[in-house]
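Everything below belongs to my_file_20.tsv, which stores TSV, N, CA and C atoms.
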```tsv
chain	number	residue	atom	x	y	z
F	13	MET	N	-206.73	-1.72	-62.67
F	13	MET	CA	-207.72	-1.27	-61.70
F	13	MET	C	-207.53	0.22	-61.47
F	14	ALA	N	-208.62	0.92	-61.31
F	14	ALA	CA	-208.56	2.35	-61.02
F	14	ALA	C	-209.35	2.62	-59.75
F	15	ARG	N	-208.92	3.61	-58.99
F	15	ARG	CA	-209.64	4.05	-57.80
F	15	ARG	C	-210.12	5.48	-58.09
F	16	ILE	N	-211.43	5.66	-58.02
F	16	ILE	CA	-212.05	6.93	-58.36
F	16	ILE	C	-212.95	7.33	-57.20
F	17	GLY	N	-213.01	8.61	-56.89
F	17	GLY	CA	-213.91	9.00	-55.81
F	17	GLY	C	-213.91	10.48	-55.52
F	18	LEU	N	-214.54	10.80	-54.43
F	18	LEU	CA	-214.63	12.18	-53.94
F	18	LEU	C	-214.18	12.20	-52.48
F	19	GLN	N	-213.41	13.21	-52.15
F	19	GLN	CA	-212.96	13.38	-50.77
F	19	GLN	C	-213.40	14.75	-50.26
F	20	GLY	N	-213.75	14.78	-49.01
F	20	GLY	CA	-214.06	16.05	-48.36
F	20	GLY	C	-215.44	16.60	-48.66
F	21	MET	N	-216.39	15.73	-49.02
F	21	MET	CA	-217.77	16.22	-49.20
F	21	MET	C	-218.28	16.66	-47.83
F	22	LYS	N	-218.78	17.86	-47.73
F	22	LYS	CA	-219.19	18.40	-46.44
F	22	LYS	C	-220.71	18.60	-46.43
F	23	PHE	N	-221.33	18.11	-45.37
F	23	PHE	CA	-222.78	18.21	-45.22
F	23	PHE	C	-223.11	18.60	-43.78
F	24	TYR	N	-224.17	19.35	-43.61
F	24	TYR	CA	-224.76	19.55	-42.30
F	24	TYR	C	-225.94	18.60	-42.26
F	25	ALA	N	-225.94	17.68	-41.29
F	25	ALA	CA	-226.97	16.64	-41.26
F	25	ALA	C	-227.37	16.33	-39.82
F	26	PHE	N	-228.33	15.44	-39.67
F	26	PHE	CA	-228.97	15.20	-38.38
F	26	PHE	C	-228.88	13.73	-37.97
F	27	HIS	N	-227.65	13.22	-37.94
F	27	HIS	CA	-227.41	11.84	-37.54
F	27	HIS	C	-226.84	11.82	-36.13
F	28	GLY	N	-227.22	10.80	-35.38
F	28	GLY	CA	-226.67	10.65	-34.04
F	28	GLY	C	-227.55	9.76	-33.19
F	29	TYR	N	-226.94	9.17	-32.19
F	29	TYR	CA	-227.66	8.25	-31.32
F	29	TYR	C	-228.63	8.99	-30.40
F	30	TYR	N	-228.25	10.19	-29.98
F	30	TYR	CA	-229.06	10.94	-29.02
F	30	TYR	C	-230.04	11.86	-29.74
F	31	ASP	N	-231.22	12.02	-29.13
F	31	ASP	CA	-232.27	12.86	-29.72
F	31	ASP	C	-231.75	14.25	-30.06
F	32	PHE	N	-230.99	14.85	-29.17
F	32	PHE	CA	-230.53	16.22	-29.42
F	32	PHE	C	-229.63	16.30	-30.65
F	33	GLU	N	-228.88	15.22	-30.94
F	33	GLU	CA	-228.03	15.22	-32.14
F	33	GLU	C	-228.89	15.23	-33.41
F	34	ARG	N	-229.98	14.49	-33.38
F	34	ARG	CA	-230.87	14.46	-34.54
F	34	ARG	C	-231.72	15.71	-34.63
F	35	ARG	N	-231.78	16.47	-33.54
F	35	ARG	CA	-232.55	17.71	-33.52
F	35	ARG	C	-231.71	18.90	-33.96
F	36	ILE	N	-230.47	19.03	-33.43
F	36	ILE	CA	-229.66	20.21	-33.74
F	36	ILE	C	-228.70	19.99	-34.90
F	37	GLY	N	-228.35	18.74	-35.18
F	37	GLY	CA	-227.48	18.44	-36.31
F	37	GLY	C	-226.01	18.68	-36.04
F	38	ASN	N	-225.20	18.42	-37.07
F	38	ASN	CA	-223.75	18.55	-36.95
F	38	ASN	C	-223.15	18.56	-38.35
F	39	GLU	N	-221.88	18.90	-38.43
F	39	GLU	CA	-221.17	18.86	-39.70
F	39	GLU	C	-220.51	17.49	-39.88
F	40	PHE	N	-220.56	17.01	-41.11
F	40	PHE	CA	-219.99	15.73	-41.47
F	40	PHE	C	-219.12	15.89	-42.71
F	41	ILE	N	-218.04	15.13	-42.76
F	41	ILE	CA	-217.19	15.09	-43.94
F	41	ILE	C	-217.16	13.64	-44.41
F	42	ILE	N	-217.42	13.45	-45.70
F	42	ILE	CA	-217.52	12.11	-46.27
F	42	ILE	C	-216.50	11.95	-47.40
F	43	ASP	N	-215.78	10.83	-47.39
F	43	ASP	CA	-214.91	10.43	-48.49
F	43	ASP	C	-215.43	9.10	-49.02
F	44	VAL	N	-215.55	9.00	-50.35
F	44	VAL	CA	-215.99	7.75	-50.97
F	44	VAL	C	-215.06	7.47	-52.15
F	45	MET	N	-214.51	6.25	-52.17
F	45	MET	CA	-213.65	5.79	-53.26
F	45	MET	C	-214.20	4.48	-53.79
F	46	VAL	N	-214.15	4.32	-55.12
F	46	VAL	CA	-214.58	3.06	-55.73
F	46	VAL	C	-213.44	2.49	-56.57
F	47	ASP	N	-213.35	1.18	-56.60
F	47	ASP	CA	-212.39	0.49	-57.46
F	47	ASP	C	-213.15	-0.08	-58.65
F	48	ILE	N	-212.61	0.18	-59.86
F	48	ILE	CA	-213.19	-0.36	-61.08
F	48	ILE	C	-212.07	-0.85	-61.99
F	49	PRO	N	-212.38	-1.83	-62.84
F	49	PRO	CA	-211.37	-2.25	-63.81
F	49	PRO	C	-211.11	-1.11	-64.80
F	50	MET	N	-209.90	-1.04	-65.28
F	50	MET	CA	-209.54	0.03	-66.22
F	50	MET	C	-208.77	-0.58	-67.37
F	51	GLN	N	-209.09	-0.15	-68.58
F	51	GLN	CA	-208.36	-0.59	-69.77
F	51	GLN	C	-206.96	0.02	-69.74
F	52	ASN	N	-206.02	-0.64	-70.41
F	52	ASN	CA	-204.66	-0.11	-70.47
F	52	ASN	C	-204.59	1.25	-71.14
F	53	SER	N	-205.38	1.44	-72.18
F	53	SER	CA	-205.42	2.73	-72.89
F	53	SER	C	-206.87	3.15	-73.05
F	54	PRO	N	-207.48	3.65	-71.99
F	54	PRO	CA	-208.91	3.97	-72.08
F	54	PRO	C	-209.16	5.16	-73.02
F	55	GLU	N	-210.26	5.06	-73.76
F	55	GLU	CA	-210.70	6.21	-74.55
F	55	GLU	C	-211.24	7.24	-73.59
F	56	GLU	N	-211.21	8.47	-74.01
F	56	GLU	CA	-211.71	9.53	-73.13
F	56	GLU	C	-213.23	9.64	-73.26
F	57	LYS	N	-213.91	8.66	-72.69
F	57	LYS	CA	-215.36	8.62	-72.66
F	57	LYS	C	-215.78	8.35	-71.23
F	58	ILE	N	-216.76	9.08	-70.78
F	58	ILE	CA	-217.25	8.89	-69.40
F	58	ILE	C	-217.80	7.47	-69.23
F	59	SER	N	-218.26	6.87	-70.32
F	59	SER	CA	-218.80	5.51	-70.23
F	59	SER	C	-217.72	4.47	-69.94
F	60	ASN	N	-216.44	4.82	-70.09
F	60	ASN	CA	-215.34	3.90	-69.81
F	60	ASN	C	-214.82	4.03	-68.38
F	61	THR	N	-215.50	4.81	-67.58
F	61	THR	CA	-215.05	5.02	-66.21
F	61	THR	C	-216.29	5.11	-65.31
F	62	TYR	N	-216.14	5.66	-64.15
F	62	TYR	CA	-217.26	5.86	-63.24
F	62	TYR	C	-217.42	7.36	-63.02
F	63	ASN	N	-218.59	7.87	-63.29
F	63	ASN	CA	-218.86	9.29	-63.14
F	63	ASN	C	-219.06	9.60	-61.66
F	64	TYR	N	-218.08	10.28	-61.05
F	64	TYR	CA	-218.14	10.52	-59.61
F	64	TYR	C	-219.27	11.45	-59.20
F	65	GLU	N	-219.95	12.08	-60.16
F	65	GLU	CA	-221.15	12.86	-59.82
F	65	GLU	C	-222.21	11.95	-59.19
F	66	GLU	N	-222.20	10.67	-59.61
F	66	GLU	CA	-223.14	9.71	-59.03
F	66	GLU	C	-222.89	9.52	-57.54
F	67	ILE	N	-221.61	9.50	-57.16
F	67	ILE	CA	-221.27	9.37	-55.74
F	67	ILE	C	-221.89	10.52	-54.95
F	68	HIS	N	-221.69	11.74	-55.43
F	68	HIS	CA	-222.22	12.91	-54.71
F	68	HIS	C	-223.74	12.84	-54.60
F	69	SER	N	-224.40	12.47	-55.69
F	69	SER	CA	-225.86	12.38	-55.67
F	69	SER	C	-226.35	11.37	-54.65
F	70	ILE	N	-225.70	10.22	-54.59
F	70	ILE	CA	-226.09	9.18	-53.65
F	70	ILE	C	-225.84	9.62	-52.21
F	71	VAL	N	-224.67	10.17	-51.95
F	71	VAL	CA	-224.34	10.61	-50.58
F	71	VAL	C	-225.32	11.70	-50.14
F	72	LYS	N	-225.64	12.63	-51.01
F	72	LYS	CA	-226.56	13.72	-50.67
F	72	LYS	C	-227.93	13.18	-50.23
F	73	ILE	N	-228.41	12.15	-50.93
F	73	ILE	CA	-229.70	11.55	-50.55
F	73	ILE	C	-229.64	11.02	-49.12
F	74	TYR	N	-228.60	10.26	-48.81
F	74	TYR	CA	-228.51	9.64	-47.48
F	74	TYR	C	-228.23	10.66	-46.38
F	75	MET	N	-227.51	11.72	-46.72
F	75	MET	CA	-227.25	12.74	-45.70
F	75	MET	C	-228.52	13.52	-45.37
F	76	GLY	N	-229.51	13.46	-46.23
F	76	GLY	CA	-230.80	14.09	-45.97
F	76	GLY	C	-231.71	13.27	-45.07
F	77	LYS	N	-231.32	12.04	-44.79
F	77	LYS	CA	-232.09	11.19	-43.88
F	77	LYS	C	-231.53	11.34	-42.47
F	78	ARG	N	-232.08	10.61	-41.52
F	78	ARG	CA	-231.59	10.63	-40.14
F	78	ARG	C	-231.25	9.21	-39.70
F	79	TYR	N	-230.01	9.05	-39.26
F	79	TYR	CA	-229.52	7.75	-38.81
F	79	TYR	C	-229.07	7.85	-37.36
F	80	LEU	N	-229.27	6.77	-36.61
F	80	LEU	CA	-228.75	6.70	-35.25
F	80	LEU	C	-227.25	6.42	-35.26
F	81	LEU	N	-226.80	5.53	-36.13
F	81	LEU	CA	-225.41	5.09	-36.14
F	81	LEU	C	-224.72	5.43	-37.46
F	82	LEU	N	-223.50	5.95	-37.37
F	82	LEU	CA	-222.71	6.23	-38.56
F	82	LEU	C	-222.38	4.96	-39.32
F	83	GLU	N	-222.25	3.85	-38.60
F	83	GLU	CA	-221.96	2.57	-39.24
F	83	GLU	C	-223.07	2.17	-40.21
F	84	THR	N	-224.31	2.36	-39.81
F	84	THR	CA	-225.44	2.03	-40.68
F	84	THR	C	-225.50	2.97	-41.86
F	85	LEU	N	-225.28	4.24	-41.62
F	85	LEU	CA	-225.23	5.24	-42.69
F	85	LEU	C	-224.15	4.88	-43.71
F	86	ALA	N	-222.95	4.57	-43.23
F	86	ALA	CA	-221.84	4.22	-44.12
F	86	ALA	C	-222.19	2.97	-44.94
F	87	HIS	N	-222.75	1.97	-44.29
F	87	HIS	CA	-223.13	0.73	-44.99
F	87	HIS	C	-224.14	1.02	-46.09
F	88	ASP	N	-225.18	1.80	-45.79
F	88	ASP	CA	-226.22	2.07	-46.77
F	88	ASP	C	-225.69	2.86	-47.96
F	89	ILE	N	-224.83	3.84	-47.70
F	89	ILE	CA	-224.22	4.61	-48.80
F	89	ILE	C	-223.36	3.68	-49.65
F	90	ALA	N	-222.50	2.90	-49.00
F	90	ALA	CA	-221.59	2.01	-49.73
F	90	ALA	C	-222.37	1.01	-50.59
F	91	LYS	N	-223.42	0.45	-50.04
F	91	LYS	CA	-224.22	-0.52	-50.78
F	91	LYS	C	-224.85	0.12	-52.01
F	92	ASP	N	-225.40	1.32	-51.85
F	92	ASP	CA	-226.05	2.01	-52.96
F	92	ASP	C	-225.02	2.41	-54.03
F	93	VAL	N	-223.87	2.91	-53.60
F	93	VAL	CA	-222.82	3.27	-54.56
F	93	VAL	C	-222.39	2.03	-55.34
F	94	LYS	N	-222.15	0.93	-54.63
F	94	LYS	CA	-221.70	-0.29	-55.31
F	94	LYS	C	-222.74	-0.78	-56.31
F	95	ASN	N	-224.00	-0.68	-55.97
F	95	ASN	CA	-225.07	-1.12	-56.86
F	95	ASN	C	-225.32	-0.16	-58.02
F	96	SER	N	-224.72	1.02	-57.97
F	96	SER	CA	-224.97	2.02	-59.01
F	96	SER	C	-224.23	1.74	-60.31
F	97	HIS	N	-223.24	0.84	-60.27
F	97	HIS	CA	-222.43	0.57	-61.47
F	97	HIS	C	-221.91	-0.86	-61.36
F	98	GLU	N	-222.23	-1.69	-62.33
F	98	GLU	CA	-221.87	-3.12	-62.24
F	98	GLU	C	-220.38	-3.37	-62.25
F	99	GLU	N	-219.57	-2.44	-62.72
F	99	GLU	CA	-218.12	-2.61	-62.80
F	99	GLU	C	-217.40	-2.40	-61.45
F	100	ILE	N	-218.07	-1.80	-60.49
F	100	ILE	CA	-217.42	-1.50	-59.21
F	100	ILE	C	-217.11	-2.80	-58.48
F	101	THR	N	-215.85	-2.96	-58.09
F	101	THR	CA	-215.46	-4.16	-57.35
F	101	THR	C	-215.37	-3.90	-55.85
F	102	LYS	N	-215.15	-2.65	-55.47
F	102	LYS	CA	-215.03	-2.32	-54.04
F	102	LYS	C	-215.37	-0.86	-53.81
F	103	VAL	N	-215.99	-0.61	-52.66
F	103	VAL	CA	-216.30	0.76	-52.23
F	103	VAL	C	-215.66	0.97	-50.86
F	104	HIS	N	-214.99	2.09	-50.71
F	104	HIS	CA	-214.43	2.45	-49.40
F	104	HIS	C	-215.05	3.80	-49.01
F	105	ILE	N	-215.58	3.86	-47.80
F	105	ILE	CA	-216.22	5.09	-47.34
F	105	ILE	C	-215.70	5.47	-45.96
F	106	LYS	N	-215.49	6.75	-45.77
F	106	LYS	CA	-215.07	7.29	-44.47
F	106	LYS	C	-216.02	8.43	-44.14
F	107	ILE	N	-216.62	8.36	-42.95
F	107	ILE	CA	-217.52	9.41	-42.47
F	107	ILE	C	-216.93	9.98	-41.19
F	108	GLN	N	-216.82	11.30	-41.17
F	108	GLN	CA	-216.35	12.00	-39.97
F	108	GLN	C	-217.47	12.90	-39.45
F	109	LYS	N	-217.80	12.74	-38.19
F	109	LYS	CA	-218.72	13.66	-37.51
F	109	LYS	C	-217.85	14.65	-36.76
F	110	LEU	N	-217.86	15.90	-37.19
F	110	LEU	CA	-216.98	16.89	-36.60
F	110	LEU	C	-217.46	17.31	-35.22
F	111	ASN	N	-216.52	17.54	-34.34
F	111	ASN	CA	-216.81	18.01	-32.97
F	111	ASN	C	-217.93	17.22	-32.30
F	112	PRO	N	-217.79	15.92	-32.16
F	112	PRO	CA	-218.85	15.13	-31.55
F	112	PRO	C	-219.07	15.55	-30.09
F	113	PRO	N	-220.31	15.47	-29.63
F	113	PRO	CA	-220.64	15.94	-28.29
F	113	PRO	C	-220.19	14.93	-27.22
F	114	LEU	N	-218.93	15.02	-26.83
F	114	LEU	CA	-218.36	14.07	-25.87
F	114	LEU	C	-217.99	14.71	-24.54
F	115	GLY	N	-218.25	16.00	-24.41
F	115	GLY	CA	-217.89	16.68	-23.18
F	115	GLY	C	-216.43	17.09	-23.12
F	116	GLY	N	-215.74	16.98	-24.22
F	116	GLY	CA	-214.34	17.38	-24.32
F	116	GLY	C	-214.02	17.66	-25.78
F	117	LYS	N	-212.89	18.24	-25.99
F	117	LYS	CA	-212.51	18.62	-27.35
F	117	LYS	C	-212.04	17.40	-28.15
F	118	THR	N	-212.77	17.08	-29.22
F	118	THR	CA	-212.43	16.00	-30.13
F	118	THR	C	-212.75	16.49	-31.54
F	119	ARG	N	-211.76	16.37	-32.44
F	119	ARG	CA	-211.95	16.88	-33.80
F	119	ARG	C	-213.05	16.14	-34.54
F	120	ALA	N	-213.07	14.80	-34.44
F	120	ALA	CA	-214.07	14.05	-35.20
F	120	ALA	C	-214.22	12.63	-34.66
F	121	ALA	N	-215.44	12.14	-34.77
F	121	ALA	CA	-215.71	10.71	-34.61
F	121	ALA	C	-215.68	10.15	-36.03
F	122	VAL	N	-215.06	8.98	-36.22
F	122	VAL	CA	-214.82	8.46	-37.57
F	122	VAL	C	-215.28	7.02	-37.69
F	123	VAL	N	-215.93	6.74	-38.83
F	123	VAL	CA	-216.28	5.39	-39.21
F	123	VAL	C	-215.77	5.17	-40.63
F	124	GLU	N	-215.08	4.07	-40.85
F	124	GLU	CA	-214.61	3.68	-42.19
F	124	GLU	C	-215.02	2.26	-42.46
F	125	ILE	N	-215.56	2.03	-43.66
F	125	ILE	CA	-215.89	0.67	-44.06
F	125	ILE	C	-215.50	0.46	-45.52
F	126	SER	N	-215.24	-0.79	-45.86
F	126	SER	CA	-215.04	-1.19	-47.24
F	126	SER	C	-216.08	-2.26	-47.53
F	127	PHE	N	-216.65	-2.20	-48.71
F	127	PHE	CA	-217.78	-3.07	-49.04
F	127	PHE	C	-217.55	-3.68	-50.40
```

Hey, can you dump this file as structure tokens for me?
Amino acid sequence: MARIGLQGMKFYAFHGYYDFERRIGNEFIIDVMVDIPMQNSPEEKISNTYNYEEIHSIVKIYMGKRYLLLETLAHDIAKDVKNSHEEITKVHIKIQKLNPPLGGKTRAAVVEISF
């Protein structure tokens, strides 16, 4: 089994429960990892693995939309990533909303799911 992914993808997006969050936006950091079966001695062909460029493309699409809940956003990204390659057995995603508007200093609100 191999775990392949991207960490620290940074986007400015317009997700949030409150209207002002969807209006002014915020910075988000996304990590996505996928588990796939791996041969003992894989040939050096992209077709024998998972091209993580697909992860970035999928995440970019969803970050361009507007979601009320990070949980729903994470679920939709994970589902699409998993469906992008039949060999994927598991997807793990972590979304951080930096400096959430809580009236106090907080580095990030975080949602993590495995699908």

Fill in: All residues 7 Å or closer to region 61-69 of chain F, only N, CA and C atoms, same chain fewer than 3 positions away omitted, as a PyMOL selection string
chain F and resi 16-18+57-58+72-74+93

Worksheet item: Could you pull out the alpha helix (DSSP H) residues of chain F from DSSP and send them as a PyMOL selection string?
Response: chain F and resi 31-36+65-75+82-95

Response to the item:
Nearest to Ile107 (chain F), restricted to all atoms listed in the file and choosing among F:Ile42, F:Ala25, F:Ala14, F:Met50, comes out as F:Ile42

Discussion item. Between atom N of Leu80 (chain F) and atom N of His27 (chain F), what distance in Å does the model show, to one decimal?
Written reply: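 If I compute the distance from atom N of Leu80 (chain F) to atom N of His27 (chain F), I get 6.8 Å.
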
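Taking CA of Gln19 (chain F) and CA of Phe40 (chain F) as the two end points, the separation is 11.9 Å.
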
Worksheet item: In Å to one decimal, how far is CA of Asn38 (chain F) from CA of Arg119 (chain F)?
Response: 12.3 Å

Quick one: 3 Å padding each side, axis-aligned, all listed atoms of region 56-73 of chain F - centre and edge lengths in Å to one decimal, as JSON?
```
{"center_x": -220.5, "center_y": 8.8, "center_z": -61.6, "size_x": 24.5, "size_y": 15.8, "size_z": 30.9}
```

Worksheet item: Excluding same-chain residues fewer than 4 positions from Phe127 (chain F), what lies within 7 Å of it counting all atoms listed in the file, as a PyMOL selection string?
Response: chain F and resi 90-91+101-105

Residues from last step as file, N, CA and C atoms, as an mmCIF file, in the frame of the given file:
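Result saved to part-v9.cif:
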```cif
data_model
loop_
_atom_site.group_PDB
_atom_site.id
_atom_site.type_symbol
_atom_site.label_atom_id
_atom_site.label_comp_id
_atom_site.auth_asym_id
_atom_site.auth_seq_id
_atom_site.Cartn_x
_atom_site.Cartn_y
_atom_site.Cartn_z
ATOM 1 N N ALA F 90 -222.500 2.900 -49.000
ATOM 2 C CA ALA F 90 -221.590 2.010 -49.730
ATOM 3 C C ALA F 90 -222.370 1.010 -50.590
ATOM 4 N N LYS F 91 -223.420 0.450 -50.040
ATOM 5 C CA LYS F 91 -224.220 -0.520 -50.780
ATOM 6 C C LYS F 91 -224.850 0.120 -52.010
ATOM 7 N N THR F 101 -215.850 -2.960 -58.090
ATOM 8 C CA THR F 101 -215.460 -4.160 -57.350
ATOM 9 C C THR F 101 -215.370 -3.900 -55.850
ATOM 10 N N LYS F 102 -215.150 -2.650 -55.470
ATOM 11 C CA LYS F 102 -215.030 -2.320 -54.040
ATOM 12 C C LYS F 102 -215.370 -0.860 -53.810
ATOM 13 N N VAL F 103 -215.990 -0.610 -52.660
ATOM 14 C CA VAL F 103 -216.300 0.760 -52.230
ATOM 15 C C VAL F 103 -215.660 0.970 -50.860
ATOM 16 N N HIS F 104 -214.990 2.090 -50.710
ATOM 17 C CA HIS F 104 -214.430 2.450 -49.400
ATOM 18 C C HIS F 104 -215.050 3.800 -49.010
ATOM 19 N N ILE F 105 -215.580 3.860 -47.800
ATOM 20 C CA ILE F 105 -216.220 5.090 -47.340
ATOM 21 C C ILE F 105 -215.700 5.470 -45.960
#
```

Discussion item. When you look at Gly28 (chain F) with a cut-off of 6 Å (counting all atoms listed in the file), what residues show up, excluding the ones that are within fewer than 3 positions of it in the same chain? I need them as a list in words.
Written reply: Asp31, Glu33, Arg34, Tyr79, Leu80 and Leu81 of chain F
